[in-house]
file protein.cif (mmCIF, C-alpha atoms and all ligand atoms)
data_query
loop_
_atom_site.group_PDB
_atom_site.id
_atom_site.type_symbol
_atom_site.label_atom_id
_atom_site.label_comp_id
_atom_site.auth_asym_id
_atom_site.auth_seq_id
_atom_site.Cartn_x
_atom_site.Cartn_y
_atom_site.Cartn_z
ATOM 1 C CA MET P 1 112.011 278.194 235.054
ATOM 2 C CA GLN P 2 108.424 279.486 234.999
ATOM 3 C CA ARG P 3 107.159 279.630 231.408
ATOM 4 C CA GLU P 4 104.616 282.015 229.974
ATOM 5 C CA PRO P 5 101.606 280.483 228.216
ATOM 6 C CA ASP P 6 102.794 281.799 224.828
ATOM 7 C CA GLU P 7 106.170 280.183 225.262
ATOM 8 C CA GLN P 8 104.543 276.852 226.041
ATOM 9 C CA ARG P 9 102.584 277.013 222.785
ATOM 10 C CA ASP P 10 105.580 278.067 220.695
ATOM 11 C CA HIS P 11 107.183 275.075 218.992
ATOM 12 C CA ALA P 12 110.657 276.471 219.497
ATOM 13 C CA HIS P 13 113.082 275.378 222.133
ATOM 14 C CA ALA P 14 110.900 273.871 224.839
ATOM 15 C CA SER P 15 113.989 273.133 226.915
ATOM 16 C CA GLU P 16 115.543 276.617 226.690
ATOM 17 C CA PRO P 17 117.654 276.888 229.851
ATOM 18 C CA LEU P 18 118.471 280.617 229.715
ATOM 19 C CA ALA P 19 115.835 282.985 231.081
ATOM 20 C CA ARG P 20 114.428 285.408 228.484
ATOM 21 C CA ASP P 21 115.976 288.381 230.264
ATOM 22 C CA GLU P 22 119.391 286.747 230.164
ATOM 23 C CA ILE P 23 119.191 286.173 226.395
ATOM 24 C CA ALA P 24 118.113 289.799 225.909
ATOM 25 C CA ARG P 25 121.005 290.942 228.132
ATOM 26 C CA VAL P 26 123.581 288.958 226.153
ATOM 27 C CA ASN P 27 122.157 290.168 222.844
ATOM 28 C CA ARG P 28 122.058 293.789 224.010
ATOM 29 C CA GLY P 29 125.809 293.636 224.565
ATOM 30 C CA ALA P 30 126.324 291.880 221.237
ATOM 31 C CA TRP P 31 124.309 294.448 219.254
ATOM 32 C CA ASP P 32 125.909 297.398 221.049
ATOM 33 C CA ALA P 33 129.261 295.924 220.029
ATOM 34 C CA MET P 34 128.037 295.449 216.434
ATOM 35 C CA VAL P 35 127.449 299.208 216.300
ATOM 36 C CA ALA P 36 131.000 299.813 217.474
ATOM 37 C CA ARG P 37 132.218 297.477 214.693
ATOM 38 C CA ALA P 38 130.066 299.254 212.068
ATOM 39 C CA ASN P 39 128.192 296.064 211.178
ATOM 40 C CA ARG P 40 126.067 296.377 208.043
ATOM 41 C CA TRP P 41 122.774 296.418 210.009
ATOM 42 C CA THR P 42 123.893 299.320 212.192
ATOM 43 C CA LEU P 43 124.879 301.909 209.563
ATOM 44 C CA PRO P 44 122.615 304.964 209.378
ATOM 45 C CA VAL P 45 121.251 306.206 206.064
ATOM 46 C CA GLU P 46 122.946 309.081 204.231
ATOM 47 C CA HIS P 47 121.539 312.602 203.910
ATOM 48 C CA ALA P 48 120.681 312.027 200.232
ATOM 49 C CA ALA P 49 118.309 309.186 201.127
ATOM 50 C CA ILE P 50 116.469 311.448 203.579
ATOM 51 C CA GLU P 51 116.222 314.238 201.013
ATOM 52 C CA ALA P 52 114.787 311.797 198.488
ATOM 53 C CA ALA P 53 112.316 310.422 201.054
ATOM 54 C CA ARG P 54 111.067 313.959 201.742
ATOM 55 C CA ARG P 55 110.303 314.158 197.995
ATOM 56 C CA GLY P 56 108.424 310.845 198.194
ATOM 57 C CA GLU P 57 111.205 308.804 196.603
ATOM 58 C CA TRP P 58 112.032 306.020 199.036
ATOM 59 C CA ASN P 59 112.270 302.276 199.472
ATOM 60 C CA ILE P 60 113.216 300.311 202.567
ATOM 61 C CA ASP P 61 114.083 296.704 203.268
ATOM 62 C CA LEU P 62 112.644 294.046 205.571
ATOM 63 C CA THR P 63 115.133 291.483 204.265
ATOM 64 C CA PRO P 64 118.740 291.726 203.035
ATOM 65 C CA THR P 65 118.388 292.980 199.469
ATOM 66 C CA LYS P 66 114.860 293.298 198.058
ATOM 67 C CA PRO P 67 112.897 296.487 198.827
ATOM 68 C CA VAL P 68 109.341 296.191 200.128
ATOM 69 C CA PRO P 69 106.803 297.063 197.371
ATOM 70 C CA ARG P 70 105.345 300.515 197.986
ATOM 71 C CA GLU P 71 101.815 299.136 197.601
ATOM 72 C CA TRP P 72 102.365 297.105 200.781
ATOM 73 C CA TYR P 73 102.256 300.272 202.924
ATOM 74 C CA PRO P 74 99.164 301.953 204.335
ATOM 75 C CA PRO P 75 99.006 305.777 204.023
ATOM 76 C CA LEU P 76 101.851 307.152 206.145
ATOM 77 C CA ALA P 77 101.410 310.938 206.290
ATOM 78 C CA GLY P 78 100.927 311.848 209.948
ATOM 79 C CA GLU P 79 100.278 308.216 210.863
ATOM 80 C CA PRO P 80 101.801 306.398 213.870
ATOM 81 C CA VAL P 81 104.375 303.757 212.889
ATOM 82 C CA LEU P 82 106.301 301.341 215.102
ATOM 83 C CA CYS P 83 109.696 300.049 213.929
ATOM 84 C CA LEU P 84 109.808 296.858 215.964
ATOM 85 C CA ALA P 85 113.329 295.670 216.803
ATOM 86 C CA GLY P 86 114.335 298.016 214.023
ATOM 87 C CA GLY P 87 117.025 300.324 215.412
ATOM 88 C CA GLY P 88 120.152 301.179 213.475
ATOM 89 C CA GLY P 89 119.282 304.418 211.692
ATOM 90 C CA GLN P 90 117.934 302.855 208.513
ATOM 91 C CA GLN P 91 114.171 302.371 208.263
ATOM 92 C CA ALA P 92 112.904 304.711 211.005
ATOM 93 C CA PRO P 93 114.465 307.916 209.607
ATOM 94 C CA ILE P 94 113.224 307.164 206.092
ATOM 95 C CA LEU P 95 109.683 306.538 207.339
ATOM 96 C CA ALA P 96 109.859 309.757 209.395
ATOM 97 C CA ALA P 97 111.113 311.735 206.369
ATOM 98 C CA ALA P 98 108.227 310.216 204.391
ATOM 99 C CA GLY P 99 105.851 311.857 206.872
ATOM 100 C CA ALA P 100 105.063 309.155 209.447
ATOM 101 C CA ARG P 101 105.161 309.675 213.227
ATOM 102 C CA VAL P 102 107.781 307.065 214.064
ATOM 103 C CA THR P 103 108.557 305.165 217.256
ATOM 104 C CA VAL P 104 111.416 302.666 217.338
ATOM 105 C CA LEU P 105 111.591 299.888 219.916
ATOM 106 C CA ASP P 106 114.895 298.053 220.179
ATOM 107 C CA ASN P 107 116.867 296.124 222.785
ATOM 108 C CA SER P 108 120.163 297.916 222.019
ATOM 109 C CA PRO P 109 120.763 301.473 223.289
ATOM 110 C CA ARG P 110 123.441 301.972 220.663
ATOM 111 C CA GLN P 111 121.153 300.854 217.838
ATOM 112 C CA LEU P 112 118.534 303.318 219.097
ATOM 113 C CA GLU P 113 121.170 306.037 219.205
ATOM 114 C CA GLN P 114 121.872 305.462 215.492
ATOM 115 C CA ASP P 115 118.297 306.569 214.767
ATOM 116 C CA GLN P 116 118.713 309.616 216.977
ATOM 117 C CA VAL P 117 121.973 310.530 215.194
ATOM 118 C CA VAL P 118 120.015 310.759 211.932
ATOM 119 C CA ALA P 119 117.070 312.477 213.641
ATOM 120 C CA ARG P 120 119.337 315.247 214.977
ATOM 121 C CA ARG P 121 121.239 315.574 211.704
ATOM 122 C CA GLU P 122 118.045 315.804 209.625
ATOM 123 C CA ARG P 123 115.746 317.537 212.161
ATOM 124 C CA LEU P 124 113.346 314.599 212.297
ATOM 125 C CA ALA P 125 111.283 313.557 215.295
ATOM 126 C CA ILE P 126 111.776 309.877 216.175
ATOM 127 C CA THR P 127 110.731 308.409 219.528
ATOM 128 C CA SER P 128 113.115 305.746 220.832
ATOM 129 C CA VAL P 129 112.020 303.077 223.307
ATOM 130 C CA LEU P 130 114.448 300.618 224.871
ATOM 131 C CA GLY P 131 112.661 297.300 225.233
ATOM 132 C CA ASP P 132 112.043 293.723 224.228
ATOM 133 C CA MET P 133 110.076 292.910 221.074
ATOM 134 C CA ARG P 134 108.022 290.318 223.001
ATOM 135 C CA ASP P 135 106.709 292.889 225.481
ATOM 136 C CA LEU P 136 105.102 296.004 223.982
ATOM 137 C CA SER P 137 103.398 297.032 227.222
ATOM 138 C CA ALA P 138 104.877 300.515 226.724
ATOM 139 C CA PHE P 139 102.193 300.978 224.039
ATOM 140 C CA ALA P 140 98.410 301.065 224.326
ATOM 141 C CA ASP P 141 96.140 298.731 222.370
ATOM 142 C CA ARG P 142 95.413 299.916 218.792
ATOM 143 C CA SER P 143 98.168 302.583 218.796
ATOM 144 C CA PHE P 144 99.758 302.113 215.374
ATOM 145 C CA ALA P 145 98.790 302.116 211.695
ATOM 146 C CA LEU P 146 101.924 300.177 210.705
ATOM 147 C CA VAL P 147 104.312 297.854 212.522
ATOM 148 C CA PHE P 148 107.522 297.475 210.505
ATOM 149 C CA HIS P 149 109.501 294.494 211.801
ATOM 150 C CA PRO P 150 112.753 293.854 209.895
ATOM 151 C CA CYS P 151 114.643 290.549 210.215
ATOM 152 C CA SER P 152 115.236 290.462 213.969
ATOM 153 C CA ASN P 153 113.062 287.780 215.549
ATOM 154 C CA ALA P 154 115.947 285.316 215.108
ATOM 155 C CA PHE P 155 117.310 286.959 218.268
ATOM 156 C CA VAL P 156 114.487 285.786 220.552
ATOM 157 C CA PRO P 157 113.801 282.151 221.449
ATOM 158 C CA HIS P 158 110.022 282.473 221.073
ATOM 159 C CA VAL P 159 108.348 284.355 218.262
ATOM 160 C CA ARG P 160 104.629 283.933 218.926
ATOM 161 C CA PRO P 161 104.548 286.602 221.670
ATOM 162 C CA VAL P 162 105.951 289.056 219.090
ATOM 163 C CA TRP P 163 103.033 288.429 216.721
ATOM 164 C CA ARG P 164 100.471 288.681 219.508
ATOM 165 C CA GLU P 165 101.874 291.969 220.770
ATOM 166 C CA ALA P 166 102.099 293.379 217.224
ATOM 167 C CA PHE P 167 98.424 292.489 216.731
ATOM 168 C CA ARG P 168 97.432 294.162 220.011
ATOM 169 C CA VAL P 169 99.193 297.470 219.296
ATOM 170 C CA LEU P 170 97.939 297.728 215.695
ATOM 171 C CA ARG P 171 94.634 299.439 215.063
ATOM 172 C CA PRO P 172 92.006 297.451 213.123
ATOM 173 C CA GLY P 173 92.973 297.697 209.462
ATOM 174 C CA GLY P 174 96.606 298.268 210.492
ATOM 175 C CA VAL P 175 99.448 296.535 208.667
ATOM 176 C CA LEU P 176 102.272 294.317 209.942
ATOM 177 C CA LEU P 177 105.267 294.120 207.585
ATOM 178 C CA ALA P 178 107.718 291.479 208.806
ATOM 179 C CA GLY P 179 111.013 290.039 207.626
ATOM 180 C CA PHE P 180 112.359 286.747 208.927
ATOM 181 C CA THR P 181 114.787 283.964 208.167
ATOM 182 C CA ASN P 182 113.802 280.694 206.540
ATOM 183 C CA PRO P 183 114.772 278.148 209.246
ATOM 184 C CA VAL P 184 116.679 276.109 206.664
ATOM 185 C CA GLU P 185 119.535 278.586 207.390
ATOM 186 C CA TYR P 186 119.939 276.900 210.777
ATOM 187 C CA LEU P 187 120.315 273.316 209.532
ATOM 188 C CA PHE P 188 123.984 273.670 208.750
ATOM 189 C CA ASP P 189 127.222 273.489 210.705
ATOM 190 C CA ALA P 190 128.064 277.151 211.326
ATOM 191 C CA VAL P 191 131.837 276.652 211.254
ATOM 192 C CA ALA P 192 131.734 274.892 207.865
ATOM 193 C CA TYR P 193 129.200 277.497 206.640
ATOM 194 C CA GLU P 194 131.786 280.225 207.181
ATOM 195 C CA ARG P 195 134.148 278.242 204.923
ATOM 196 C CA GLY P 196 131.458 278.058 202.234
ATOM 197 C CA GLU P 197 130.433 274.438 202.921
ATOM 198 C CA LEU P 198 126.923 273.200 203.675
ATOM 199 C CA ILE P 199 127.012 270.278 206.114
ATOM 200 C CA VAL P 200 123.681 269.375 207.709
ATOM 201 C CA ARG P 201 124.256 269.392 211.482
ATOM 202 C CA HIS P 202 121.091 270.547 213.270
ATOM 203 C CA SER P 203 117.399 269.805 213.456
ATOM 204 C CA LEU P 204 114.734 272.485 213.592
ATOM 205 C CA PRO P 205 113.734 274.500 215.510
ATOM 206 C CA TYR P 206 117.274 275.543 216.382
ATOM 207 C CA SER P 207 118.693 277.350 219.418
ATOM 208 C CA ASP P 208 122.235 278.724 219.806
ATOM 209 C CA VAL P 209 121.815 278.171 223.554
ATOM 210 C CA THR P 210 121.008 274.463 223.504
ATOM 211 C CA ASP P 211 122.054 273.140 220.092
ATOM 212 C CA ALA P 212 125.362 274.754 219.090
ATOM 213 C CA THR P 213 128.422 272.492 219.035
ATOM 214 C CA PRO P 214 131.427 273.601 221.145
ATOM 215 C CA GLU P 215 133.182 274.675 217.926
ATOM 216 C CA GLU P 216 130.192 276.706 216.790
ATOM 217 C CA ARG P 217 129.860 278.294 220.216
ATOM 218 C CA ALA P 218 133.560 279.232 220.229
ATOM 219 C CA GLN P 219 133.244 280.754 216.748
ATOM 220 C CA ARG P 220 130.199 282.784 217.747
ATOM 221 C CA GLU P 221 131.817 284.043 220.921
ATOM 222 C CA ALA P 222 135.042 284.957 219.086
ATOM 223 C CA SER P 223 133.134 286.915 216.440
ATOM 224 C CA GLY P 224 130.804 288.586 218.976
ATOM 225 C CA GLU P 225 127.656 287.419 217.174
ATOM 226 C CA PRO P 226 124.363 287.568 219.113
ATOM 227 C CA LEU P 227 122.530 284.423 220.212
ATOM 228 C CA SER P 228 120.120 283.392 217.499
ATOM 229 C CA PHE P 229 117.256 280.967 217.007
ATOM 230 C CA GLY P 230 115.804 279.205 213.963
ATOM 231 C CA HIS P 231 112.001 279.301 214.254
ATOM 232 C CA THR P 232 109.721 276.993 212.304
ATOM 233 C CA LEU P 233 107.620 278.420 209.482
ATOM 234 C CA GLU P 234 104.622 277.259 211.513
ATOM 235 C CA ASP P 235 105.631 279.700 214.256
ATOM 236 C CA GLN P 236 106.528 282.458 211.781
ATOM 237 C CA LEU P 237 103.565 282.326 209.392
ATOM 238 C CA GLY P 238 101.151 280.198 211.434
ATOM 239 C CA GLY P 239 101.966 282.357 214.457
ATOM 240 C CA GLN P 240 100.823 285.479 212.609
ATOM 241 C CA LEU P 241 97.586 283.756 211.591
ATOM 242 C CA ASP P 242 97.002 282.432 215.118
ATOM 243 C CA ALA P 243 97.487 285.954 216.498
ATOM 244 C CA GLY P 244 94.529 287.027 214.352
ATOM 245 C CA PHE P 245 96.243 288.492 211.284
ATOM 246 C CA VAL P 246 95.211 287.930 207.687
ATOM 247 C CA LEU P 247 98.261 287.338 205.490
ATOM 248 C CA THR P 248 97.926 289.300 202.246
ATOM 249 C CA ALA P 249 101.333 289.064 200.513
ATOM 250 C CA MET P 250 104.833 287.603 200.813
ATOM 251 C CA PHE P 251 108.105 287.289 198.903
ATOM 252 C CA GLU P 252 111.412 285.491 199.287
ATOM 253 C CA ASP P 253 114.755 287.278 199.153
ATOM 254 C CA ARG P 254 118.199 285.917 198.354
ATOM 255 C CA TRP P 255 121.394 287.157 200.006
ATOM 256 C CA PRO P 256 123.936 286.079 197.378
ATOM 257 C CA GLU P 257 127.058 286.746 199.489
ATOM 258 C CA THR P 258 126.100 284.042 201.995
ATOM 259 C CA THR P 259 126.863 280.343 201.546
ATOM 260 C CA LEU P 260 123.212 279.291 201.301
ATOM 261 C CA GLY P 261 122.395 282.349 199.211
ATOM 262 C CA ARG P 262 124.214 280.727 196.291
ATOM 263 C CA TYR P 263 121.436 278.122 196.195
ATOM 264 C CA MET P 264 118.216 279.624 197.465
ATOM 265 C CA ALA P 265 116.381 282.676 198.715
ATOM 266 C CA SER P 266 116.386 282.104 202.460
ATOM 267 C CA TYR P 267 114.755 285.289 203.735
ATOM 268 C CA ILE P 268 111.011 285.912 203.762
ATOM 269 C CA ALA P 269 108.961 289.102 203.895
ATOM 270 C CA SER P 270 105.280 289.005 204.775
ATOM 271 C CA ARG P 271 102.424 291.496 204.787
ATOM 272 C CA ALA P 272 99.597 290.927 207.263
ATOM 273 C CA VAL P 273 96.555 292.985 208.220
ATOM 274 C CA ARG P 274 94.657 293.189 211.482
ATOM 275 C CA PRO P 275 91.079 292.690 210.307
ATOM 276 C CA VAL P 276 88.631 295.502 210.929
ATOM 277 C CA ASN P 277 86.040 293.184 212.486
HETATM 278 C C1 LIG C 1 119.353 292.871 211.989
HETATM 279 S S1 LIG C 1 119.010 294.188 213.128
HETATM 280 C C2 LIG C 1 117.541 294.806 212.378
HETATM 281 C C3 LIG C 1 117.451 296.286 212.320
HETATM 282 C C4 LIG C 1 118.015 296.947 211.142
HETATM 283 N N1 LIG C 1 117.596 298.344 211.133
HETATM 284 C C5 LIG C 1 117.726 296.351 209.760
HETATM 285 O O1 LIG C 1 117.937 297.061 208.787
HETATM 286 O O2 LIG C 1 117.327 295.218 209.573
HETATM 287 C C6 LIG C 1 118.324 293.321 214.509
HETATM 288 C C7 LIG C 1 117.875 294.272 215.618
HETATM 289 O O3 LIG C 1 117.138 293.512 216.576
HETATM 290 C C8 LIG C 1 117.426 294.060 217.843
HETATM 291 N N2 LIG C 1 117.058 293.099 218.875
HETATM 292 C C9 LIG C 1 117.658 291.929 219.200
HETATM 293 N N3 LIG C 1 117.003 291.315 220.192
HETATM 294 C C10 LIG C 1 115.950 292.111 220.513
HETATM 295 C C11 LIG C 1 114.875 292.017 221.451
HETATM 296 N N4 LIG C 1 114.765 290.980 222.270
HETATM 297 N N5 LIG C 1 113.958 293.011 221.470
HETATM 298 C C12 LIG C 1 114.073 294.093 220.663
HETATM 299 N N6 LIG C 1 115.065 294.229 219.760
HETATM 300 C C13 LIG C 1 115.994 293.254 219.666
HETATM 301 C C14 LIG C 1 118.903 294.358 217.782
HETATM 302 O O4 LIG C 1 119.302 295.239 218.800
HETATM 303 C C15 LIG C 1 119.035 294.916 216.366
HETATM 304 O O5 LIG C 1 118.897 296.300 216.348
#

call {"tool": "encode", "arguments": {"input": "protein.cif", "output": "structure tokens", "more": "lines below"}}
Ligand SMILES: C[S@@+](CC[C@H](N)C(=O)[O-])C[C@H]1O[C@@H](n2cnc3c(N)ncnc32)[C@H](O)[C@@H]1O
result
Amino acid sequence: MQREPDEQRDHAHASEPLARDEIARVNRGAWDAMVARANRWTLPVEHAAIEAARRGEWNIDLTPTKPVPREWYPPLAGEPVLCLAGGGGQQAPILAAAGARVTVLDNSPRQLEQDQVVARRERLAITSVLGDMRDLSAFADRSFALVFHPCSNAFVPHVRPVWREAFRVLRPGGVLLAGFTNPVEYLFDAVAYERGELIVRHSLPYSDVTDATPEERAQREASGEPLSFGHTLEDQLGGQLDAGFVLTAMFEDRWPETTLGRYMASYIASRAVRPVN
């Protein structure tokens, strides 16, 4: 398979056998099905949350439980915002109700439709774009004041192209808010994890395509989960720096209902700025 230069530099999954389009195709079906099953990450916000956002009272999440501090945001009124791999009817409608001009790019038509359901219900304008988070060629350089990227880069095998594209489409001074998974989540046997046990099984970086055991693969296929990938922190944080960003803030978030969440905060939120010069 021909590899792109960015994928060669990425530490993750050098021997990935599935073409990028094939992974996106499989995950499109998986996320469309998650909408049909009313998965937590596909449930649109209620009317009350939109009403509150119109009054300036809002908070949204990059990670499972902890809201992003309001001081992390640039001014939003009338400003162009990209929700990157952020369909599902949660963040985009709130940001639109808060006054931003919102575009959502997502790989799942049904996730994008969740945003449009809220947009129609609340008379909000949200632009939906079906696409891959690694290829933002639908957008011109320097188009956005904010790129809001909730935990979703675990669904692509290479994360550095995402950072480079986010940098390109942000205007100088623009802000990238990103959520991602600490790769320690991918060390453990996924079948035992579901039973509440932590058994170290995998090395990092991790790929569902090349590294899953037959039992893990069968479990994932039976539950309809998307293909996911555990990226190194060097690719997550170092990748943002290498793309040209300046990191200005971060926090960790714990998801207590998960097996690992009993022991540590395994989700990370970061704030990065495209420098003006
Ligand atoms: C956990 S959901 C995140 C969105 C959600 N609104 C939230 O609150 O976090 C992950 C999203 O990533 C999207 N996704 C997966 N692979 C993608 C890709 N290659 N390009 C763009 N979006 C992708 C899925 O369709 C899904 O909507």

call {"tool": "residues_around", "arguments": {"input": "protein.cif", "residues": "Asp106 of chain P", "least_positions_apart": "4", "cutoff": "8 Å", "atoms": "all atoms listed in the file", "output": "PyMOL selection string"}}
result
chain P and resi 84-87+111-112+128-133

call {"tool": "residues_near_ligand", "arguments": {"input": "protein.cif", "ligand": "ligand LIG 1 (chain C)", "cutoff": "7 Å", "atoms": "all atoms listed in the file", "output": "PyMOL selection string"}}
result
chain P and resi 24+27-28+31+41-42+61-63+84-91+105-108+111+131-134+150-152+155-156

call {"tool": "resolve_selection", "arguments": {"input": "protein.cif", "expression": "the PyMOL selection byres (((chain P and resi 239) around 9) and not hetatm)", "output": "list in words"}}
result
Asp10, Val159, Arg160, Pro161, Trp163, Arg164, Leu233, Glu234, Asp235, Gln236, Leu237, Gly238, Gln240, Leu241, Asp242, Ala243, Gly244 and Phe245 of chain P

call {"tool": "resolve_selection", "arguments": {"input": "protein.cif", "expression": "the PyMOL selection byres (((chain P and resi 174-178) around 10) and not hetatm)", "output": "PyMOL selection string"}}
result
chain P and resi 61-63+68+72-74+81-84+142-153+163+166-167+169-173+179-180+236+240+245-250+268-276

call {"tool": "closest_residue", "arguments": {"input": "protein.cif", "among": "P:Leu124, P:Arg20, P:Val118, P:Glu257", "to": "Val102 of chain P", "atoms": "only C-alpha atoms"}}
result
P:Leu124

call {"tool": "atom_distance", "arguments": {"input": "protein.cif", "atom1": "atom CA of Arg168 of chain P", "atom2": "atom CA of Ser137 of chain P"}}
result
9.8 Å

call {"tool": "resolve_selection", "arguments": {"input": "protein.cif", "expression": "the PyMOL selection byres (((chain P and resi 47-59) around 12) and not hetatm)", "output": "PyMOL selection string"}}
result
chain P and resi 44-46+60-62+65-73+76-77+89-100+117-124

call {"tool": "closest_residue", "arguments": {"input": "protein.cif", "among": "P:Thr181, P:Gly29, P:Ser203, P:Asn277", "to": "Pro109 of chain P", "atoms": "all atoms listed in the file"}}
result
P:Gly29

call {"tool": "atom_distance", "arguments": {"input": "protein.cif", "atom1": "atom CA of Glu225 of chain P", "atom2": "atom CA of Met34 of chain P"}}
result
8.1 Å

call {"tool": "closest_residue", "arguments": {"input": "protein.cif", "among": "P:Leu204, P:Gly196, P:Glu165, P:Arg110", "to": "Gly261 of chain P", "atoms": "only C-alpha atoms"}}
result
P:Gly196

call {"tool": "decode", "arguments": {"input": "protein.cif", "residues": "segment 31-65 of chain P", "atoms": "C-alpha atoms", "output": "short mmCIF file (atom, residue, chain, number, x, y, z; two decimals), in the first residue's frame"}}
result
data_model
loop_
_atom_site.label_atom_id
_atom_site.label_comp_id
_atom_site.auth_asym_id
_atom_site.auth_seq_id
_atom_site.Cartn_x
_atom_site.Cartn_y
_atom_site.Cartn_z
CA TRP P 31 -21.14 4.88 13.93
CA ASP P 32 -24.35 4.93 11.88
CA ALA P 33 -25.37 1.82 13.80
CA MET P 34 -24.41 3.47 17.12
CA VAL P 35 -26.96 6.19 16.33
CA ALA P 36 -29.61 3.55 15.74
CA ARG P 37 -28.71 2.03 19.14
CA ALA P 38 -28.86 5.44 20.86
CA ASN P 39 -25.26 5.20 22.05
CA ARG P 40 -24.31 7.87 24.59
CA TRP P 41 -22.17 9.82 22.08
CA THR P 42 -25.01 10.09 19.57
CA LEU P 43 -27.77 11.63 21.71
CA PRO P 44 -28.71 15.21 20.80
CA VAL P 45 -28.98 17.91 23.45
CA GLU P 46 -32.37 18.86 24.91
CA HIS P 47 -34.22 22.11 24.19
CA ALA P 48 -33.42 23.45 27.67
CA ALA P 49 -29.68 23.29 26.98
CA ILE P 50 -30.14 25.33 23.80
CA GLU P 51 -32.27 27.90 25.61
CA ALA P 52 -29.61 28.24 28.29
CA ALA P 53 -26.85 28.55 25.66
CA ARG P 54 -28.77 31.40 24.00
CA ARG P 55 -28.63 33.15 27.40
CA GLY P 56 -24.87 32.54 27.58
CA GLU P 57 -25.13 29.68 30.06
CA TRP P 58 -23.37 26.71 28.49
CA ASN P 59 -20.60 24.18 28.93
CA ILE P 60 -19.52 21.43 26.57
CA ASP P 61 -17.24 18.43 26.84
CA LEU P 62 -14.16 17.28 24.94
CA THR P 63 -13.81 14.25 27.21
CA PRO P 64 -16.34 12.03 29.01
CA THR P 65 -17.27 14.05 32.09
#
